[in-house]
$ cat model_22.txt   # compact mmCIF, C-alpha atoms and all ligand atoms
# COMPACT_ATOMS: atom_id res chain seq x y z
CA MET A 9 -17.97 15.10 11.12
CA LYS A 10 -16.17 16.06 7.91
CA ALA A 11 -15.54 13.35 5.33
CA ILE A 12 -14.60 13.07 1.67
CA GLN A 13 -17.39 11.43 -0.30
CA ILE A 14 -18.26 10.62 -3.91
CA GLN A 15 -21.85 10.56 -5.21
CA ALA A 16 -20.83 9.26 -8.66
CA PHE A 17 -17.81 7.49 -10.16
CA GLY A 18 -15.39 9.80 -11.95
CA GLY A 19 -12.22 11.83 -11.54
CA PRO A 20 -10.94 13.94 -8.64
CA GLU A 21 -13.74 16.47 -9.26
CA GLN A 22 -16.16 13.92 -7.75
CA LEU A 23 -14.52 14.13 -4.31
CA MET A 24 -16.65 16.37 -2.07
CA LEU A 25 -15.96 17.51 1.48
CA THR A 26 -19.23 16.58 3.22
CA ASP A 27 -20.81 16.65 6.69
CA LEU A 28 -21.78 13.15 7.82
CA PRO A 29 -22.93 11.69 11.14
CA VAL A 30 -20.21 10.17 13.33
CA PRO A 31 -20.46 6.37 12.80
CA GLN A 32 -22.27 4.25 15.42
CA LEU A 33 -20.29 1.34 16.82
CA ASN A 34 -21.16 -2.31 16.25
CA ALA A 35 -19.81 -5.21 18.30
CA GLY A 36 -16.06 -5.66 17.97
CA GLU A 37 -15.47 -2.08 16.80
CA VAL A 38 -13.75 1.03 18.12
CA LEU A 39 -14.25 4.62 17.05
CA VAL A 40 -11.00 6.13 15.81
CA ARG A 41 -10.49 9.89 15.73
CA THR A 42 -8.51 10.00 12.47
CA GLU A 43 -5.27 11.97 12.43
CA ALA A 44 -3.97 10.82 9.03
CA CYS A 45 -5.08 8.52 6.22
CA GLY A 46 -2.94 7.23 3.38
CA VAL A 47 -3.69 7.64 -0.32
CA ASN A 48 -3.10 4.66 -2.60
CA PRO A 49 -3.65 3.89 -6.30
CA ILE A 50 -6.63 1.72 -5.28
CA ASP A 51 -8.42 4.87 -4.01
CA TRP A 52 -8.50 6.71 -7.33
CA LYS A 53 -9.07 3.49 -9.28
CA THR A 54 -12.10 2.64 -7.13
CA CYS A 55 -13.53 6.17 -7.25
CA SER A 56 -13.31 6.08 -11.03
CA GLY A 57 -15.33 2.84 -11.11
CA GLY A 58 -12.48 0.28 -11.29
CA GLY A 59 -10.30 -1.16 -8.53
CA ALA A 60 -12.39 -2.32 -5.59
CA ALA A 61 -15.63 -0.78 -6.93
CA PRO A 62 -17.32 -4.23 -7.19
CA PHE A 63 -16.88 -4.69 -3.40
CA ILE A 64 -18.09 -1.36 -2.00
CA GLY A 65 -21.85 -1.59 -2.50
CA GLU A 66 -24.03 1.37 -3.43
CA LEU A 67 -22.84 4.97 -3.73
CA PRO A 68 -22.30 7.36 -2.02
CA PHE A 69 -18.90 6.16 -0.90
CA VAL A 70 -16.23 7.49 1.47
CA PRO A 71 -12.82 6.26 0.17
CA GLY A 72 -9.76 5.21 2.16
CA TRP A 73 -8.60 1.92 3.68
CA GLU A 74 -5.72 2.93 5.97
CA LEU A 75 -5.54 5.30 8.90
CA ALA A 76 -3.76 6.32 12.07
CA GLY A 77 -5.40 8.08 14.99
CA THR A 78 -6.63 7.80 18.55
CA VAL A 79 -9.34 5.55 19.94
CA SER A 80 -12.19 7.73 21.23
CA GLN A 81 -14.80 5.07 22.07
CA VAL A 82 -14.91 1.25 22.32
CA ALA A 83 -17.78 -1.22 21.90
CA ASP A 84 -18.74 -3.09 25.09
CA ASP A 85 -17.17 -6.38 23.95
CA VAL A 86 -13.77 -4.88 23.02
CA THR A 87 -11.11 -5.61 25.63
CA ASP A 88 -7.81 -5.24 23.71
CA LEU A 89 -8.09 -1.48 23.09
CA LYS A 90 -9.16 1.45 25.24
CA GLU A 91 -9.97 5.11 24.85
CA GLY A 92 -6.82 7.12 24.23
CA ASP A 93 -4.82 4.33 22.54
CA ARG A 94 -2.93 5.46 19.45
CA VAL A 95 -3.56 3.00 16.61
CA LEU A 96 -2.85 2.35 12.93
CA GLY A 97 -4.47 -0.07 10.55
CA VAL A 98 -5.55 -1.34 7.17
CA ILE A 99 -9.25 -2.02 7.65
CA ARG A 100 -11.99 -3.95 5.85
CA PHE A 101 -10.15 -4.06 2.52
CA PRO A 102 -11.57 -4.42 -0.18
CA GLU A 103 -15.01 -3.63 1.28
CA ARG A 104 -15.89 -0.06 2.25
CA ALA A 105 -13.93 1.32 5.20
CA GLY A 106 -14.40 5.10 4.96
CA CYS A 107 -11.01 6.26 6.24
CA PHE A 108 -11.14 9.69 4.52
CA ALA A 109 -13.14 11.00 7.49
CA GLU A 110 -12.68 12.58 10.91
CA TYR A 111 -14.08 9.48 12.66
CA VAL A 112 -13.99 5.85 11.54
CA ALA A 113 -15.66 2.79 13.10
CA ALA A 114 -12.88 0.21 12.79
CA PRO A 115 -12.76 -3.50 13.64
CA ALA A 116 -10.63 -3.66 16.80
CA ASP A 117 -8.93 -6.85 15.59
CA GLN A 118 -7.57 -5.10 12.49
CA LEU A 119 -5.74 -2.34 14.37
CA ALA A 120 -2.20 -2.28 15.76
CA ILE A 121 -0.91 -0.08 18.56
CA CYS A 122 1.17 2.81 17.24
CA PRO A 123 4.58 2.75 18.98
CA ASP A 124 5.90 5.84 20.77
CA GLY A 125 8.02 7.85 18.41
CA LEU A 126 5.98 7.02 15.30
CA ASP A 127 3.94 10.02 14.18
CA SER A 128 0.48 9.52 12.70
CA THR A 129 1.37 10.69 9.20
CA THR A 130 4.15 8.12 8.96
CA ALA A 131 2.00 5.41 10.52
CA ALA A 132 -0.88 5.98 8.09
CA GLY A 133 1.44 6.05 5.09
CA LEU A 134 3.14 2.85 6.19
CA SER A 135 0.06 0.68 6.47
CA ILE A 136 -1.21 -0.54 3.07
CA ALA A 137 2.09 -0.19 1.21
CA GLY A 138 4.07 -1.77 4.05
CA LEU A 139 1.69 -4.68 4.53
CA THR A 140 1.58 -5.29 0.77
CA ALA A 141 5.36 -5.31 0.60
CA TRP A 142 5.58 -7.64 3.63
CA GLN A 143 2.97 -10.10 2.34
CA ALA A 144 4.39 -10.06 -1.22
CA LEU A 145 7.99 -10.64 -0.10
CA PHE A 146 7.54 -13.00 2.82
CA ASP A 147 4.11 -14.71 2.60
CA LYS A 148 3.72 -15.12 -1.17
CA GLY A 149 7.34 -14.73 -2.23
CA GLU A 150 8.93 -16.82 0.56
CA LEU A 151 12.05 -14.60 0.37
CA GLN A 152 15.11 -16.11 2.06
CA PRO A 153 18.37 -14.46 3.15
CA GLY A 154 20.93 -14.57 0.33
CA GLN A 155 18.33 -14.62 -2.47
CA THR A 156 18.03 -11.91 -5.10
CA VAL A 157 14.77 -10.01 -5.59
CA LEU A 158 13.89 -7.76 -8.54
CA ILE A 159 11.46 -5.01 -7.56
CA LEU A 160 9.54 -3.27 -10.36
CA ALA A 161 8.29 0.24 -9.47
CA ALA A 162 10.75 0.32 -6.58
CA ALA A 163 10.38 4.07 -5.91
CA GLY A 164 6.62 3.94 -5.30
CA GLY A 165 4.66 3.43 -2.10
CA VAL A 166 4.97 -0.37 -2.03
CA GLY A 167 8.32 -0.55 -3.82
CA HIS A 168 10.37 1.70 -1.55
CA LEU A 169 9.25 -0.26 1.52
CA ALA A 170 9.82 -3.59 -0.27
CA VAL A 171 13.43 -2.55 -1.01
CA GLN A 172 14.08 -1.93 2.68
CA LEU A 173 12.25 -5.03 3.95
CA ALA A 174 14.11 -7.24 1.47
CA LYS A 175 17.45 -5.82 2.66
CA TRP A 176 16.33 -6.32 6.28
CA ARG A 177 15.70 -9.98 5.43
CA GLY A 178 19.23 -10.27 3.99
CA ALA A 179 18.43 -10.35 0.27
CA THR A 180 20.14 -8.67 -2.68
CA VAL A 181 17.88 -6.06 -4.28
CA ILE A 182 17.67 -5.01 -7.92
CA ALA A 183 15.32 -2.06 -8.35
CA THR A 184 13.68 -0.52 -11.42
CA ALA A 185 12.85 3.18 -11.55
CA SER A 186 13.56 6.21 -13.70
CA ALA A 187 17.12 7.50 -13.29
CA GLY A 188 16.06 10.41 -11.08
CA ASN A 189 15.02 7.93 -8.39
CA HIS A 190 18.21 5.83 -8.38
CA GLU A 191 20.10 7.78 -5.72
CA PHE A 192 16.99 7.66 -3.49
CA LEU A 193 16.81 3.88 -3.92
CA ARG A 194 20.53 3.38 -3.28
CA GLN A 195 20.15 5.25 0.00
CA LEU A 196 17.36 2.84 0.93
CA GLY A 197 19.74 -0.06 0.30
CA ALA A 198 19.12 -1.13 -3.31
CA ASP A 199 22.21 -2.97 -4.59
CA ARG A 200 21.54 -2.20 -8.23
CA CYS A 201 19.19 0.24 -9.98
CA ILE A 202 17.96 -0.06 -13.55
CA ASP A 203 16.22 2.63 -15.60
CA TYR A 204 13.19 0.82 -17.05
CA ARG A 205 12.83 3.48 -19.77
CA ASP A 206 15.96 2.58 -21.72
CA THR A 207 16.88 -0.94 -20.58
CA ASP A 208 15.78 -4.40 -21.71
CA LEU A 209 15.70 -6.19 -18.33
CA SER A 210 16.20 -9.66 -19.80
CA ARG A 211 19.57 -8.55 -21.26
CA GLU A 212 20.73 -7.14 -17.91
CA ILE A 213 19.53 -9.76 -15.42
CA SER A 214 20.06 -13.49 -15.65
CA THR A 215 17.95 -15.19 -13.01
CA VAL A 216 16.42 -13.95 -9.79
CA GLU A 217 14.55 -15.99 -7.20
CA LEU A 218 11.77 -13.44 -6.70
CA ILE A 219 10.16 -10.59 -8.63
CA ILE A 220 7.81 -8.09 -6.98
CA ASP A 221 5.86 -6.72 -9.93
CA GLY A 222 4.42 -3.31 -9.08
CA VAL A 223 3.74 -2.45 -12.72
CA GLY A 224 1.88 -5.41 -14.22
CA GLY A 225 0.78 -5.81 -17.85
CA ASP A 226 3.41 -6.20 -20.57
CA THR A 227 6.15 -4.98 -18.18
CA GLY A 228 5.41 -7.79 -15.74
CA VAL A 229 5.23 -10.34 -18.56
CA ALA A 230 8.60 -9.22 -19.97
CA ALA A 231 10.17 -9.55 -16.51
CA LEU A 232 9.36 -13.28 -16.45
CA ASP A 233 12.49 -13.75 -18.62
CA CYS A 234 14.54 -12.71 -15.57
CA LEU A 235 12.99 -15.31 -13.25
CA ALA A 236 14.78 -18.52 -12.24
CA ASP A 237 12.92 -21.72 -13.13
CA GLN A 238 11.86 -22.30 -9.53
CA GLY A 239 11.36 -18.58 -8.85
CA ILE A 240 8.17 -16.68 -7.98
CA LEU A 241 6.73 -13.51 -9.51
CA VAL A 242 4.23 -11.77 -7.24
CA THR A 243 2.11 -9.37 -9.27
CA LEU A 244 0.43 -6.45 -7.50
CA PRO A 245 -1.93 -4.68 -9.97
CA SER A 246 -5.10 -6.79 -9.94
CA VAL A 247 -6.32 -5.45 -13.29
CA THR A 248 -3.59 -7.36 -15.19
CA LYS A 249 -3.25 -10.40 -12.92
CA ASP A 250 -4.96 -12.77 -15.40
CA GLN A 251 -2.57 -11.68 -18.15
CA LEU A 252 0.39 -12.40 -15.85
CA ILE A 253 -0.94 -15.78 -14.71
CA ALA A 254 -1.52 -16.85 -18.34
CA ALA A 255 1.99 -15.71 -19.34
CA GLY A 256 3.46 -17.63 -16.41
CA GLU A 257 1.59 -20.80 -17.38
CA ALA A 258 2.79 -20.44 -20.99
CA CYS A 259 6.46 -20.35 -19.97
CA GLY A 260 6.30 -22.63 -16.93
CA LYS A 261 7.02 -19.90 -14.35
CA ARG A 262 5.19 -19.41 -11.05
CA VAL A 263 3.07 -16.24 -10.94
CA LEU A 264 1.11 -15.35 -7.81
CA PRO A 265 -1.41 -12.51 -7.56
CA ILE A 266 -1.93 -10.86 -4.20
CA ARG A 267 -4.62 -8.93 -2.38
CA VAL A 268 -3.32 -7.18 0.73
CA GLU A 269 -5.02 -8.38 3.92
CA PRO A 270 -5.44 -6.54 7.21
CA ASN A 271 -2.92 -8.05 9.63
CA PRO A 272 -2.27 -6.18 12.88
CA ASP A 273 0.57 -8.52 13.92
CA GLN A 274 2.55 -7.83 10.76
CA LEU A 275 1.62 -4.15 10.89
CA GLY A 276 2.79 -3.95 14.50
CA GLN A 277 6.19 -5.37 13.48
CA LEU A 278 6.40 -2.90 10.59
CA ALA A 279 5.53 -0.02 12.90
CA GLN A 280 8.26 -1.10 15.34
CA LEU A 281 10.83 -1.28 12.52
CA CYS A 282 9.82 2.20 11.40
CA ALA A 283 9.87 3.65 14.92
CA ALA A 284 13.35 2.17 15.41
CA GLY A 285 14.57 3.77 12.17
CA SER A 286 15.24 0.42 10.45
CA VAL A 287 12.60 1.18 7.80
CA LYS A 288 11.89 4.68 6.50
CA MET A 289 8.49 5.71 5.11
CA GLN A 290 9.29 8.31 2.44
CA LEU A 291 6.60 10.97 2.53
CA ALA A 292 5.92 12.22 -0.99
CA ASP A 293 3.52 14.86 0.30
CA SER A 294 1.02 15.42 3.07
CA LEU A 295 -2.11 17.39 2.30
CA PRO A 296 -5.14 18.34 4.38
CA LEU A 297 -8.19 16.09 3.99
CA GLU A 298 -10.05 18.71 1.97
CA ASN A 299 -7.31 18.54 -0.69
CA ALA A 300 -8.01 14.87 -1.47
CA GLY A 301 -8.65 15.78 -5.11
CA LYS A 302 -5.13 17.15 -5.47
CA ALA A 303 -3.76 13.98 -3.85
CA PHE A 304 -5.73 11.88 -6.37
CA GLU A 305 -4.21 13.83 -9.26
CA GLN A 306 -0.74 13.14 -7.87
CA ILE A 307 -1.24 9.43 -7.21
CA ALA A 308 -2.90 8.87 -10.59
CA SER A 309 0.21 10.27 -12.31
CA GLY A 310 1.92 6.94 -11.51
CA HIS A 311 5.17 8.68 -10.52
CA THR A 312 4.85 9.28 -6.79
CA ARG A 313 8.11 8.80 -4.85
CA GLY A 314 7.08 7.13 -1.59
CA LYS A 315 3.65 7.78 -0.08
CA LEU A 316 0.97 10.44 -0.15
CA VAL A 317 -0.93 11.09 3.08
CA LEU A 318 -3.97 13.19 4.00
CA THR A 319 -3.91 14.84 7.40
CA VAL A 320 -7.07 15.37 9.42
CA ALA A 321 -7.24 18.40 11.70
N1 LIG B 401 -2.93 -6.25 -4.89
C1 LIG B 401 -2.80 -5.46 -3.82
O1 LIG B 401 -3.22 -5.81 -2.71
C2 LIG B 401 -2.09 -4.14 -3.98
C3 LIG B 401 -1.71 -3.40 -2.85
C4 LIG B 401 -1.02 -2.20 -3.04
C5 LIG B 401 -0.74 -1.76 -4.34
N2 LIG B 401 -1.18 -2.49 -5.40
C6 LIG B 401 -0.89 -2.04 -6.77
O2 LIG B 401 0.51 -2.07 -6.96
C7 LIG B 401 0.92 -1.04 -7.83
C8 LIG B 401 1.99 -0.21 -7.14
O3 LIG B 401 1.41 0.42 -5.99
P1 LIG B 401 2.12 1.68 -5.32
O4 LIG B 401 1.26 2.12 -4.20
O5 LIG B 401 3.55 1.38 -5.07
O6 LIG B 401 2.01 2.72 -6.53
P2 LIG B 401 2.69 4.13 -6.71
O7 LIG B 401 3.22 4.63 -5.41
O8 LIG B 401 1.72 4.99 -7.44
O9 LIG B 401 3.93 3.83 -7.69
C9 LIG B 401 4.57 4.92 -8.27
C10 LIG B 401 5.93 4.50 -8.76
O10 LIG B 401 5.81 3.68 -9.92
C11 LIG B 401 7.01 3.86 -10.67
N3 LIG B 401 6.79 3.42 -12.04
C12 LIG B 401 5.82 3.80 -12.89
N4 LIG B 401 5.93 3.12 -14.06
C13 LIG B 401 7.00 2.29 -13.92
C14 LIG B 401 7.62 1.32 -14.76
N5 LIG B 401 7.16 1.04 -15.99
N6 LIG B 401 8.68 0.63 -14.28
C15 LIG B 401 9.17 0.88 -13.03
N7 LIG B 401 8.63 1.80 -12.19
C16 LIG B 401 7.56 2.48 -12.64
C17 LIG B 401 7.32 5.31 -10.54
O11 LIG B 401 8.72 5.48 -10.64
P3 LIG B 401 9.32 6.57 -11.66
O12 LIG B 401 8.71 7.89 -11.22
O13 LIG B 401 10.78 6.47 -11.45
O14 LIG B 401 8.82 6.18 -13.02
C18 LIG B 401 6.79 5.68 -9.15
O15 LIG B 401 7.81 5.83 -8.20
C19 LIG B 401 -0.36 -0.26 -8.18
O16 LIG B 401 -0.90 -0.75 -9.38
C20 LIG B 401 -1.30 -0.60 -7.02
O17 LIG B 401 -2.66 -0.48 -7.37
C21 LIG B 401 -1.83 -3.66 -5.26

$ encode --input "model_22.txt" --output "structure tokens" --more "lines below"
Ligand SMILES: NC(=O)c1ccc[n+]([C@@H]2O[C@H](COP(=O)([O-])OP(=O)(O)OC[C@H]3O[C@@H](n4cnc5c(N)ncnc54)[C@H](OP(=O)(O)O)[C@@H]3O)[C@@H](O)[C@H]2O)c1
Amino acid sequence: MKAIQIQAFGGPEQLMLTDLPVPQLNAGEVLVRTEACGVNPIDWKTCSGGGAAPFIGELPFVPGWELAGTVSQVADDVTDLKEGDRVLGVIRFPERAGCFAEYVAAPADQLAICPDGLDSTTAAGLSIAGLTAWQALFDKGELQPGQTVLILAAAGGVGHLAVQLAKWRGATVIATASAGNHEFLRQLGADRCIDYRDTDLSREISTVELIIDGVGGDTGVAALDCLADQGILVTLPSVTKDQLIAAGEACGKRVLPIRVEPNPDQLGQLAQLCAAGSVKMQLADSLPLENAGKAFEQIASGHTRGKLVLTVA
């Protein structure tokens, strides 16, 4: 089968289209014929030696933690899935999963059934960003109807889905993005948009119950001024989580880091919302698997609107 593989940590030039054996199944697994796999910041960070690199073991490494496709084989002990089922999933994160490949051996209990009407590109792009948004808003952030949530990096993969899920839950949404993304965010339901490039957030916003921090670092720390005393800031970028936790402790505010977890129940609900048109996955671009390097250049720019997806022929 064809797969994208790195032999050494580095930039997009390290991504090589390679012939590899189709994976053998272990107990509890199914073989998925990949139709699409999503590209996330964690992919380029890990391939450059950061991100999840401490969890992936020895190189070589096939990146990718989310996919959509069709089950082509099932292990003897798997009863919930069968050959021909269309599935989507976030698998094995943060350990190696190898989704940038034509075939993937996936744990059956980390996959959700893809509803009719949801195409594979949308399903793959929805998975990590959607689950992260869901777990940040509802599991960590305990968002309630009527509360106000501030979403930093609202136009990105996680942010644009968080805007819609927060509105679905009945919250008021304040979104940060550059001005060119404001109309896009208003159409997704954002009640107020702020251009982070020329605005001091603490002067504009008094107190919000929840902040979803998709930027981290000094930007996340500065946003703590906008948080109500009993509020929660959920910070997404793991590289600056210790800085955020320390800043929260210093000012008596609650800061929670997050690591997205595979969860087929939540993913199934997300997929249903998307199939019904209640949540829209904005496709920034879809590229063939062999153009993974180009996708890495785009995602590393930090200015993707929505999600990047690789399609597998
Ligand atoms: N912990 C976890 O489990 C987990 C899971 C998923 C993602 N993450 C992390 O969360 C972060 C966001 O992920 P993502 O997939 O949404 O990334 P992404 O799609 O690459 O985010 C791109 C967006 O960030 C916006 N942006 C950049 N700088 C900004 C700033 N200073 N203020 C406001 N917006 C800004 C850009 O908007 P403009 O173009 O308008 O500037 C762009 O739309 C990444 O660091 C990622 O690694 C963590």

$ atom_distance --input "model_22.txt" --atom1 "CA of Val317 (chain A)" --atom2 "CA of Leu264 (chain A)"
28.7 Å

$ closest_residue --input "model_22.txt" --among "A:Val82, A:Cys201, A:Ala76, A:Val181" --to "ligand LIG 401 (chain B)" --atoms "all atoms listed in the file"
A:Cys201

$ closest_atom_pairs --input "model_22.txt" --of "chain A" --to "ligand LIG 401 (chain B)" --cutoff "7 Å" --atoms "only C-alpha atoms and all ligand atoms" --output "JSON lines"
{"residue": "A:Asn48", "atom": "CA", "partner": "B:LIG401", "partner_atom": "O4", "distance": 5.3}
{"residue": "A:Pro49", "atom": "CA", "partner": "B:LIG401", "partner_atom": "O17", "distance": 4.6}
{"residue": "A:Ile50", "atom": "CA", "partner": "B:LIG401", "partner_atom": "O17", "distance": 5.0}
{"residue": "A:Ile136", "atom": "CA", "partner": "B:LIG401", "partner_atom": "C4", "distance": 6.3}
{"residue": "A:Ala137", "atom": "CA", "partner": "B:LIG401", "partner_atom": "C4", "distance": 5.6}
{"residue": "A:Thr140", "atom": "CA", "partner": "B:LIG401", "partner_atom": "C3", "distance": 5.2}
{"residue": "A:Leu160", "atom": "CA", "partner": "B:LIG401", "partner_atom": "C15", "distance": 4.9}
{"residue": "A:Ala161", "atom": "CA", "partner": "B:LIG401", "partner_atom": "N7", "distance": 3.2}
{"residue": "A:Ala162", "atom": "CA", "partner": "B:LIG401", "partner_atom": "N7", "distance": 6.2}
{"residue": "A:Ala163", "atom": "CA", "partner": "B:LIG401", "partner_atom": "O15", "distance": 3.9}
{"residue": "A:Gly164", "atom": "CA", "partner": "B:LIG401", "partner_atom": "O7", "distance": 3.5}
{"residue": "A:Gly165", "atom": "CA", "partner": "B:LIG401", "partner_atom": "O5", "distance": 3.8}
{"residue": "A:Val166", "atom": "CA", "partner": "B:LIG401", "partner_atom": "O5", "distance": 3.8}
{"residue": "A:Gly167", "atom": "CA", "partner": "B:LIG401", "partner_atom": "O5", "distance": 5.3}
{"residue": "A:Thr184", "atom": "CA", "partner": "B:LIG401", "partner_atom": "C15", "distance": 5.0}
{"residue": "A:Ala185", "atom": "CA", "partner": "B:LIG401", "partner_atom": "O13", "distance": 3.9}
{"residue": "A:Ser186", "atom": "CA", "partner": "B:LIG401", "partner_atom": "O13", "distance": 3.6}
{"residue": "A:Ala187", "atom": "CA", "partner": "B:LIG401", "partner_atom": "O13", "distance": 6.7}
{"residue": "A:Gly188", "atom": "CA", "partner": "B:LIG401", "partner_atom": "O13", "distance": 6.6}
{"residue": "A:Asn189", "atom": "CA", "partner": "B:LIG401", "partner_atom": "O13", "distance": 5.4}
{"residue": "A:Tyr204", "atom": "CA", "partner": "B:LIG401", "partner_atom": "N6", "distance": 5.3}
{"residue": "A:Gly222", "atom": "CA", "partner": "B:LIG401", "partner_atom": "C7", "distance": 4.4}
{"residue": "A:Val223", "atom": "CA", "partner": "B:LIG401", "partner_atom": "C14", "distance": 5.8}
{"residue": "A:Thr227", "atom": "CA", "partner": "B:LIG401", "partner_atom": "N5", "distance": 6.5}
{"residue": "A:Leu244", "atom": "CA", "partner": "B:LIG401", "partner_atom": "C21", "distance": 4.2}
{"residue": "A:Pro245", "atom": "CA", "partner": "B:LIG401", "partner_atom": "O16", "distance": 4.1}
{"residue": "A:Ser246", "atom": "CA", "partner": "B:LIG401", "partner_atom": "N1", "distance": 5.5}
{"residue": "A:Pro265", "atom": "CA", "partner": "B:LIG401", "partner_atom": "N1", "distance": 7.0}
{"residue": "A:Ile266", "atom": "CA", "partner": "B:LIG401", "partner_atom": "N1", "distance": 4.8}
{"residue": "A:Arg267", "atom": "CA", "partner": "B:LIG401", "partner_atom": "O1", "distance": 3.4}
{"residue": "A:Val268", "atom": "CA", "partner": "B:LIG401", "partner_atom": "O1", "distance": 3.7}
{"residue": "A:Ile307", "atom": "CA", "partner": "B:LIG401", "partner_atom": "O8", "distance": 5.3}
{"residue": "A:Ala308", "atom": "CA", "partner": "B:LIG401", "partner_atom": "O8", "distance": 6.8}
{"residue": "A:Gly310", "atom": "CA", "partner": "B:LIG401", "partner_atom": "O8", "distance": 4.5}
{"residue": "A:His311", "atom": "CA", "partner": "B:LIG401", "partner_atom": "C18", "distance": 3.7}
{"residue": "A:Thr312", "atom": "CA", "partner": "B:LIG401", "partner_atom": "C9", "distance": 4.6}
{"residue": "A:Arg313", "atom": "CA", "partner": "B:LIG401", "partner_atom": "O15", "distance": 4.5}
{"residue": "A:Gly314", "atom": "CA", "partner": "B:LIG401", "partner_atom": "O7", "distance": 6.0}
{"residue": "A:Lys315", "atom": "CA", "partner": "B:LIG401", "partner_atom": "O7", "distance": 6.2}

$ residues_around --input "model_22.txt" --residues "Phe69 (chain A)" --least-positions-apart "5" --cutoff "8 Å" --atoms "all atoms listed in the file" --output "list of chain:residue names"
A:Gln13, A:Ile14, A:Gln15, A:Ile64, A:Arg104, A:Gly106

$ closest_residue --input "model_22.txt" --among "A:Ala35, A:Ala83, A:Ala114, A:Leu193" --to "Gln290 (chain A)" --atoms "all atoms listed in the file"
A:Leu193

$ residues_around --input "model_22.txt" --residues "Ala279 (chain A)" --least-positions-apart "4" --cutoff "9 Å" --atoms "all atoms listed in the file" --output "JSON, numbers by chain"
{"A": [96, 120, 121, 122, 123, 126, 131, 134, 135, 274, 275, 283, 284, 287]}

$ closest_residue --input "model_22.txt" --among "A:Ala105, A:Ala144, A:Cys45, A:Leu169" --to "Ser294 (chain A)" --atoms "only C-alpha atoms"
A:Cys45

$ atom_distance --input "model_22.txt" --atom1 "CA of Glu43 (chain A)" --atom2 "CA of Asp88 (chain A)"
20.7 Å

$ axis_aligned_box --input "model_22.txt" --around "region 120-125 of chain A" --padding-each-side "5 Å" --output "AutoDock Vina command-line options"
--center_x 2.9 --center_y 2.8 --center_z 18.3 --size_x 20.2 --size_y 20.1 --size_z 15.0

$ atom_distance --input "model_22.txt" --atom1 "CA of Ala61 (chain A)" --atom2 "CA of Phe17 (chain A)"
9.1 Å
